[in-house]
Amino acid sequence: MEISTKEIYRSAVWPSRTVIAGPCSAESCGQTVETACVIAEEKSADIFRAGIWKPRTRPGSFEGMGERAVAWLAEAKKQSGLPVATEVATPAHVAALAGSGVDMLWVGARTATDPFAMQALAEAIGSYMPDIPVFVKNPVNPDIELWIGAMQRLLQAGVTNIGAIHRGFSVYRSAPYRNAPIWQIPIELHRRCPGLAIIHDPSHTGGQVSLIAPLAQKALDMGFSGLMIESHPDPSAALSDGGQQVTPRALRELLDGLVLRAVTDDSDSLHRLRERIDALDGQLLHLLSQRLEVCEEIGEYKKMKGMPAVQPERYGRLLTASLEKGEALGLDRRFLSSLLETLHAESVRRQLEILNRRD
Ligand code: PEP
Ligand code: MN
């Protein structure tokens, strides 16, 4: 049964600007409870997070404290008063958490990548705790269908309170990020599932403390619903992800430095500006269609003369000239070159169709 993204939209019931914070891993009962209590005292988060089972890229790394940490999370909840969240990757994790009082689950990026693991996990959550909110991190590879598919598996299993977390993508040469933020993907997810809560995880995206605040600000500026930030009382001694964790005090300062832009505005002046955008878009579409029609005429000519569709020198000259003109008009060079490349690819596609047409 195919579940539409509209159902993901309907499933989203989550307040905006939620902050989820806590250590990468629950390392001891003391560290877990202490971190939760400081975060609660400083009102730095709505939900406390701590990883119990850590999916690590390489064997031999610290893989979490496992089942005994379930009780630490419950204790942290009791003493801090904060709702608590942890990551689940297998049905056994879900079974270990059943009845523990855990308030929210998230699915890690590695698990979201694997449809078999995701299916088994979805079924376990659906049978043990179908009402719990589950946030799904983006899969490690930049594939929106896989991300949506993971959420659909949860829905099919009867889990209805779903959200998404953008934590960056594993791409070759992601520097300076640990996982490159590809903002178009969560933006497209938002377009397809308009009411879905999508939060940002600047800790796993940035991988270093200095990148957390700028990433968090960017996410807020783009209208993300909240943030997940890792916080440890002594990051240099953390058993996992030490380089990207901030102390609870630094977390408070970081949050205080962020500017929230949550105003919604339906004023006339915004409306008029949007009308101008709509009119300009209409003109752009007309021009694009006319331009491609001329390309087709050229395609007919090339077919008649037996010429190939691509003339690299002509394309090179055109690109250089347009880039120069565009820059003089204040257009960003990278933006313009990707636009022109897309346009050229479409012209070539249409001309190839003409060249290969059987007359
Ligand atoms: C985590 O949140 O600690 C974690 C392992 O994240 P990710 O799945 O984004 O790597
Ligand atoms: Mn981590």
# chains A, B, ... in the order shown; residues from 1 in each chain; ligands from 1

$ residues_near_ligand --ligand "ligand 2" --cutoff "10 Å" --atoms "only C-alpha atoms and all ligand atoms" --output "PyMOL selection string"
chain A and resi 22-25+50-51+54-56+108+201+203-204+207+229-231+239-245

$ write_last_selection --atoms "C-alpha atoms" --output "PDB file, in the first residue's frame"
ATOM      1  CA  GLY A  22      21.636  16.562  25.536  1.00  0.00           C
ATOM      2  CA  PRO A  23      24.736  14.441  25.188  1.00  0.00           C
ATOM      3  CA  CYS A  24      25.576  12.380  22.149  1.00  0.00           C
ATOM      4  CA  SER A  25      25.670   9.388  24.520  1.00  0.00           C
ATOM      5  CA  ALA A  50      20.858  11.008  25.046  1.00  0.00           C
ATOM      6  CA  GLY A  51      22.006   8.144  22.832  1.00  0.00           C
ATOM      7  CA  LYS A  54      25.376   4.337  19.043  1.00  0.00           C
ATOM      8  CA  PRO A  55      25.600   3.287  15.408  1.00  0.00           C
ATOM      9  CA  ARG A  56      29.268   3.903  14.658  1.00  0.00           C
ATOM     10  CA  GLY A 108      19.437   7.778  12.990  1.00  0.00           C
ATOM     11  CA  ASP A 201      20.767  19.160  13.858  1.00  0.00           C
ATOM     12  CA  SER A 203      25.903  19.344  15.764  1.00  0.00           C
ATOM     13  CA  HIS A 204      26.062  16.379  13.378  1.00  0.00           C
ATOM     14  CA  GLY A 207      30.864  18.334  13.443  1.00  0.00           C
ATOM     15  CA  ILE A 229      21.975  20.162  19.670  1.00  0.00           C
ATOM     16  CA  GLU A 230      24.438  17.939  21.504  1.00  0.00           C
ATOM     17  CA  SER A 231      25.508  19.066  24.961  1.00  0.00           C
ATOM     18  CA  LEU A 239      33.088   9.095  24.809  1.00  0.00           C
ATOM     19  CA  SER A 240      31.577  10.050  21.435  1.00  0.00           C
ATOM     20  CA  ASP A 241      31.407  13.202  19.313  1.00  0.00           C
ATOM     21  CA  GLY A 242      33.482  15.276  21.754  1.00  0.00           C
ATOM     22  CA  GLY A 243      34.467  17.835  19.127  1.00  0.00           C
ATOM     23  CA  GLN A 244      30.907  18.892  18.398  1.00  0.00           C
ATOM     24  CA  GLN A 245      29.416  19.049  21.895  1.00  0.00           C
TER      25      GLN A 245
END

$ residues_around --residues "stretch 74-84 of chain A" --least-positions-apart "2" --cutoff "6 Å" --atoms "only C-alpha atoms" --output "VMD selection string"
chain A and resid 33 36 to 37 40 47 to 49 71 to 72 102 to 103

$ write_last_selection --atoms "N, CA and C atoms" --output "PDB file, in the first residue's frame"
ATOM      1  N   VAL A  33      22.006  12.380  34.258  1.00  0.00           N
ATOM      2  CA  VAL A  33      21.083  13.122  35.120  1.00  0.00           C
ATOM      3  C   VAL A  33      21.559  14.572  35.295  1.00  0.00           C
ATOM      4  N   ALA A  36      20.916  16.661  32.179  1.00  0.00           N
ATOM      5  CA  ALA A  36      19.479  16.951  32.032  1.00  0.00           C
ATOM      6  C   ALA A  36      19.047  18.033  33.021  1.00  0.00           C
ATOM      7  N   CYS A  37      19.547  17.938  34.267  1.00  0.00           N
ATOM      8  CA  CYS A  37      19.110  18.908  35.283  1.00  0.00           C
ATOM      9  C   CYS A  37      19.613  20.313  34.964  1.00  0.00           C
ATOM     10  N   ALA A  40      17.606  21.676  32.134  1.00  0.00           N
ATOM     11  CA  ALA A  40      16.259  22.049  32.598  1.00  0.00           C
ATOM     12  C   ALA A  40      16.311  23.359  33.391  1.00  0.00           C
ATOM     13  N   ILE A  47      13.155  19.209  25.256  1.00  0.00           N
ATOM     14  CA  ILE A  47      13.285  17.753  25.351  1.00  0.00           C
ATOM     15  C   ILE A  47      14.758  17.420  25.576  1.00  0.00           C
ATOM     16  N   PHE A  48      15.020  16.452  26.440  1.00  0.00           N
ATOM     17  CA  PHE A  48      16.395  16.019  26.708  1.00  0.00           C
ATOM     18  C   PHE A  48      16.714  14.807  25.844  1.00  0.00           C
ATOM     19  N   ARG A  49      17.847  14.840  25.179  1.00  0.00           N
ATOM     20  CA  ARG A  49      18.263  13.695  24.353  1.00  0.00           C
ATOM     21  C   ARG A  49      19.498  13.025  24.937  1.00  0.00           C
ATOM     22  N   ALA A  71      17.462   3.001  32.206  1.00  0.00           N
ATOM     23  CA  ALA A  71      17.065   3.464  33.550  1.00  0.00           C
ATOM     24  C   ALA A  71      17.648   4.855  33.836  1.00  0.00           C
ATOM     25  N   TRP A  72      18.838   5.165  33.282  1.00  0.00           N
ATOM     26  CA  TRP A  72      19.436   6.487  33.509  1.00  0.00           C
ATOM     27  C   TRP A  72      18.583   7.578  32.864  1.00  0.00           C
ATOM     28  N   VAL A 102       9.997   6.695  28.092  1.00  0.00           N
ATOM     29  CA  VAL A 102      10.633   7.535  27.065  1.00  0.00           C
ATOM     30  C   VAL A 102       9.540   8.287  26.287  1.00  0.00           C
ATOM     31  N   ASP A 103       9.811   9.575  25.976  1.00  0.00           N
ATOM     32  CA  ASP A 103       8.761  10.425  25.404  1.00  0.00           C
ATOM     33  C   ASP A 103       8.859  10.609  23.902  1.00  0.00           C
TER      34      ASP A 103
END

$ residues_around --residues "stretch 111-128 of chain A" --least-positions-apart "6" --cutoff "10 Å" --atoms "only C-alpha atoms" --output "ChimeraX atom specification"
/A:55,88-95,97-99,105,134,136-143,146-160

$ decode --residues "stretch 180-203 of chain A" --atoms "N, CA and C atoms" --output "compact mmCIF listing (two decimals), in the first residue's frame"
# COMPACT_ATOMS: atom_id res chain seq x y z
N ALA A 180 27.57 17.45 4.85
CA ALA A 180 27.22 18.68 4.13
C ALA A 180 25.73 19.00 4.26
N PRO A 181 25.40 20.23 4.68
CA PRO A 181 23.98 20.59 4.68
C PRO A 181 23.55 20.79 3.22
N ILE A 182 22.50 20.11 2.80
CA ILE A 182 21.98 20.34 1.44
C ILE A 182 20.56 20.84 1.66
N TRP A 183 20.46 22.15 1.82
CA TRP A 183 19.20 22.74 2.28
C TRP A 183 18.05 22.51 1.30
N GLN A 184 18.38 22.36 0.01
CA GLN A 184 17.29 22.14 -0.97
C GLN A 184 16.48 20.90 -0.62
N ILE A 185 17.14 19.91 0.01
CA ILE A 185 16.42 18.66 0.26
C ILE A 185 15.34 18.84 1.34
N PRO A 186 15.69 19.38 2.53
CA PRO A 186 14.58 19.63 3.48
C PRO A 186 13.57 20.65 2.95
N ILE A 187 14.02 21.60 2.12
CA ILE A 187 13.05 22.56 1.56
C ILE A 187 12.07 21.82 0.64
N GLU A 188 12.60 20.90 -0.15
CA GLU A 188 11.72 20.11 -1.03
C GLU A 188 10.81 19.19 -0.19
N LEU A 189 11.36 18.67 0.89
CA LEU A 189 10.54 17.82 1.79
C LEU A 189 9.39 18.66 2.35
N HIS A 190 9.70 19.88 2.71
CA HIS A 190 8.69 20.78 3.26
C HIS A 190 7.62 21.11 2.21
N ARG A 191 8.08 21.27 0.95
CA ARG A 191 7.12 21.56 -0.13
C ARG A 191 6.18 20.37 -0.33
N ARG A 192 6.75 19.16 -0.24
CA ARG A 192 5.92 17.98 -0.48
C ARG A 192 5.05 17.62 0.73
N CYS A 193 5.52 17.91 1.92
CA CYS A 193 4.77 17.57 3.14
C CYS A 193 4.63 18.87 3.94
N PRO A 194 3.74 19.77 3.53
CA PRO A 194 3.74 21.14 4.07
C PRO A 194 3.64 21.27 5.59
N GLY A 195 2.97 20.38 6.27
CA GLY A 195 2.82 20.58 7.71
C GLY A 195 3.82 19.79 8.54
N LEU A 196 4.70 19.06 7.87
CA LEU A 196 5.64 18.20 8.60
C LEU A 196 6.63 19.05 9.40
N ALA A 197 6.82 18.69 10.68
CA ALA A 197 7.83 19.39 11.48
C ALA A 197 9.21 18.92 11.03
N ILE A 198 10.03 19.87 10.61
CA ILE A 198 11.40 19.52 10.21
C ILE A 198 12.35 20.33 11.08
N ILE A 199 13.20 19.64 11.82
CA ILE A 199 14.14 20.37 12.67
C ILE A 199 15.55 20.17 12.12
N HIS A 200 16.47 20.98 12.62
CA HIS A 200 17.85 20.89 12.13
C HIS A 200 18.77 20.44 13.26
N ASP A 201 19.75 19.63 12.91
CA ASP A 201 20.77 19.16 13.86
C ASP A 201 22.11 19.76 13.44
N PRO A 202 22.44 20.94 13.98
CA PRO A 202 23.70 21.57 13.56
C PRO A 202 24.93 20.85 14.12
N SER A 203 24.75 20.03 15.17
CA SER A 203 25.90 19.34 15.76
C SER A 203 26.46 18.29 14.81
